[in-house]
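What follows is a short report on a single structure.
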Amino acid sequence: MYLIAGLGNPGKQYEGSRHNAGFSSVDILADKLGISINENKHKGLCGKGIIGGEKVILLKPQTYMNLSGESLRAASDFYKIEPENIIVIYDDIDLAVGHLRVRVKGSAGGHNGIKSIIAHLGTQEFPRVRVGVGAKPDRMDLADYVLGRFSQIERPVMEEAFETAAQAAIAIVEEGIDKAMNRFNGRK
């Protein structure tokens, strides 16, 4: 069984923000798989389905970004899912707009949602799909930037990136992390 979590902040005011790249990617994944993410469990919204014969739980934590680990820990404990089968999709300001990076493990790199997950799971060793949202402009507050929306030029690029991130999550489940990294890293 796999847990695929897209990170973001709940509420209308955050819809479409850079920080909600994980939510947007998981929504596209749910649409592709015909899964409704409407079950309120594990401090998040969940949906269940199948990818390549494997059971999957799609999760959108509703704890706000900085407490994402609470939701992932609750779901992983309930379903007894090991960290290597927990795939996290999230925004990354260190990648250019629309670029992806698939990793088998790693540090939080300053991302508070990932810091929370590492703290609650007790490990850095879980697969992740990083979705590039671009670097913040000089003299702009980081929170304002990640909670801001994409420009008209960025939006179509990001829609494609969300689609590709969903495909990467499917590839991790069906083909394994190594093949997914070879296939998706550096893709735009």
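Simple scheme: letters A, B, ... for chains in structure tokens order, numbers from 1 for residues in each chain, numbers from 1 for ligands in the order shown.
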
Contacts of Ala5 in chain A at 7 Å (only C-alpha atoms; same-chain gap of 2+ positions) as a VMD selection string = chain A and resid 3 7 58 to 60 87 to 89

Run DSSP on the backbone and give me the residues of range 22-92 of chain A it puts in strand (DSSP E), as a VMD selection string.
-> chain A and resid 39 to 41 44 to 51 54 to 61 86 to 92

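The neighbours of Tyr64 in chain A here are the residues that come within 9 Å of it, using only C-alpha atoms and leaving out any residue fewer than 2 positions away in the same chain; they are Leu7, Gly8, Asn9, Pro10, Pro61, Gln62, Asn66, Leu67, Ser68 and Gly113 of chain A.
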
Okay, now the selection with C-alpha atoms, as a PDB file, in the first residue's frame?
ATOM      1  CA  LEU A   7       1.079  19.388   0.572  1.00  0.00           C
ATOM      2  CA  GLY A   8      -0.732  22.696   0.795  1.00  0.00           C
ATOM      3  CA  ASN A   9      -2.917  24.903   2.950  1.00  0.00           C
ATOM      4  CA  PRO A  10      -6.680  24.420   3.267  1.00  0.00           C
ATOM      5  CA  PRO A  61      -3.397  17.336   4.947  1.00  0.00           C
ATOM      6  CA  GLN A  62      -5.735  19.958   6.400  1.00  0.00           C
ATOM      7  CA  ASN A  66       3.789  23.696   8.858  1.00  0.00           C
ATOM      8  CA  LEU A  67       1.997  20.793  10.592  1.00  0.00           C
ATOM      9  CA  SER A  68       1.729  18.434   7.606  1.00  0.00           C
ATOM     10  CA  GLY A 113       6.025  21.072   5.586  1.00  0.00           C
TER      11      GLY A 113
END

Using CA of Phe184 in chain A and CA of Ala75 in chain A as the two end points, give the distance in Å to one decimal.
->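 If I compute the distance from CA of Phe184 in chain A to CA of Ala75 in chain A, I get 26.9 Å.
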
Excluding Gly53 in chain A and its own-chain neighbours fewer than 4 positions away, which residues fall within 10 Å of it when counting only C-alpha atoms? Please give them as a tab-separated table (two decimals) with N, CA and C atoms, in the first residue's frame.
chain	number	residue	atom	x	y	z
A	1	MET	N	0.84	-1.18	0.00
A	1	MET	CA	0.00	0.00	0.00
A	1	MET	C	0.89	1.24	0.00
A	49	GLY	N	-7.77	4.29	-3.80
A	49	GLY	CA	-7.84	3.76	-5.15
A	49	GLY	C	-6.74	2.75	-5.39
A	173	VAL	N	5.00	4.27	-8.06
A	173	VAL	CA	4.26	3.09	-7.61
A	173	VAL	C	4.43	1.94	-8.59
A	174	GLU	N	4.29	2.22	-9.88
A	174	GLU	CA	4.29	1.14	-10.89
A	174	GLU	C	5.68	0.64	-11.25

Near-range 12-24 of chain A list (7 Å; only C-alpha atoms; drop same-chain fewer than 5 positions) as a ChimeraX atom specification = /A:6-7,60,89-91,131,133,146-150,162

Convert the current residue selection to file output with N, CA and C atoms, as a PDB file, in the first residue's frame.
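This is the output file part36.pdb:
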ATOM      1  N   GLY A   6      -0.168  15.210  -1.086  1.00  0.00           N
ATOM      2  CA  GLY A   6       0.132  16.497  -1.700  1.00  0.00           C
ATOM      3  C   GLY A   6       0.036  17.558  -0.628  1.00  0.00           C
ATOM      4  N   LEU A   7       1.067  18.385  -0.495  1.00  0.00           N
ATOM      5  CA  LEU A   7       1.079  19.388   0.572  1.00  0.00           C
ATOM      6  C   LEU A   7       0.464  20.702   0.106  1.00  0.00           C
ATOM      7  N   LYS A  60      -4.602  14.934   1.352  1.00  0.00           N
ATOM      8  CA  LYS A  60      -4.343  16.375   1.361  1.00  0.00           C
ATOM      9  C   LYS A  60      -4.474  16.821   2.820  1.00  0.00           C
ATOM     10  N   ILE A  89       4.323  15.110  -2.472  1.00  0.00           N
ATOM     11  CA  ILE A  89       4.422  16.054  -3.584  1.00  0.00           C
ATOM     12  C   ILE A  89       4.293  17.461  -3.004  1.00  0.00           C
ATOM     13  N   TYR A  90       5.261  18.324  -3.323  1.00  0.00           N
ATOM     14  CA  TYR A  90       5.251  19.667  -2.716  1.00  0.00           C
ATOM     15  C   TYR A  90       5.989  20.678  -3.577  1.00  0.00           C
ATOM     16  N   ASP A  91       5.760  21.958  -3.247  1.00  0.00           N
ATOM     17  CA  ASP A  91       6.366  23.081  -3.956  1.00  0.00           C
ATOM     18  C   ASP A  91       7.831  23.245  -3.569  1.00  0.00           C
ATOM     19  N   VAL A 131       8.018  20.072  -6.976  1.00  0.00           N
ATOM     20  CA  VAL A 131       7.466  20.821  -8.110  1.00  0.00           C
ATOM     21  C   VAL A 131       7.993  22.252  -8.031  1.00  0.00           C
ATOM     22  N   VAL A 133       8.460  26.061  -8.259  1.00  0.00           N
ATOM     23  CA  VAL A 133       7.585  27.240  -8.327  1.00  0.00           C
ATOM     24  C   VAL A 133       8.406  28.520  -8.549  1.00  0.00           C
ATOM     25  N   VAL A 146       5.303  32.478  -1.469  1.00  0.00           N
ATOM     26  CA  VAL A 146       4.744  31.124  -1.603  1.00  0.00           C
ATOM     27  C   VAL A 146       3.223  31.105  -1.442  1.00  0.00           C
ATOM     28  N   LEU A 147       2.677  32.099  -0.749  1.00  0.00           N
ATOM     29  CA  LEU A 147       1.221  32.169  -0.610  1.00  0.00           C
ATOM     30  C   LEU A 147       0.582  32.948  -1.759  1.00  0.00           C
ATOM     31  N   GLY A 148       1.436  33.496  -2.643  1.00  0.00           N
ATOM     32  CA  GLY A 148       0.942  34.220  -3.809  1.00  0.00           C
ATOM     33  C   GLY A 148       0.573  33.269  -4.934  1.00  0.00           C
ATOM     34  N   ARG A 149      -0.049  33.822  -5.946  1.00  0.00           N
ATOM     35  CA  ARG A 149      -0.519  33.029  -7.084  1.00  0.00           C
ATOM     36  C   ARG A 149       0.447  33.146  -8.266  1.00  0.00           C
ATOM     37  N   PHE A 150       0.310  32.200  -9.183  1.00  0.00           N
ATOM     38  CA  PHE A 150       1.138  32.197 -10.383  1.00  0.00           C
ATOM     39  C   PHE A 150       0.665  33.275 -11.353  1.00  0.00           C
ATOM     40  N   PHE A 162       1.855  20.084 -12.792  1.00  0.00           N
ATOM     41  CA  PHE A 162       0.990  19.303 -11.899  1.00  0.00           C
ATOM     42  C   PHE A 162       0.648  17.961 -12.543  1.00  0.00           C
TER      43      PHE A 162
END

Straight-line distance linking CA of Ile28 in chain A with CA of Ala180 in chain A, stated in Å to one decimal =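 Separation between CA of Ile28 in chain A and CA of Ala180 in chain A: 18.0 Å.
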
When distances are computed from only C-alpha atoms, which of A:Phe126, A:Tyr2, A:Tyr145, A:Phe78 shows the smallest separation from Lys43 in chain A?
->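 The answer is A:Phe78, which sits nearest to Lys43 in chain A.
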
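From CA of Asn40 in chain A back to CA of Leu100 in chain A, the distance works out to 29.2 Å.
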
Looking only at helix (DSSP H, G or I) from DSSP on the backbone, list the matching residues of range 15-130 of chain A as a count of residues only.
-> 44
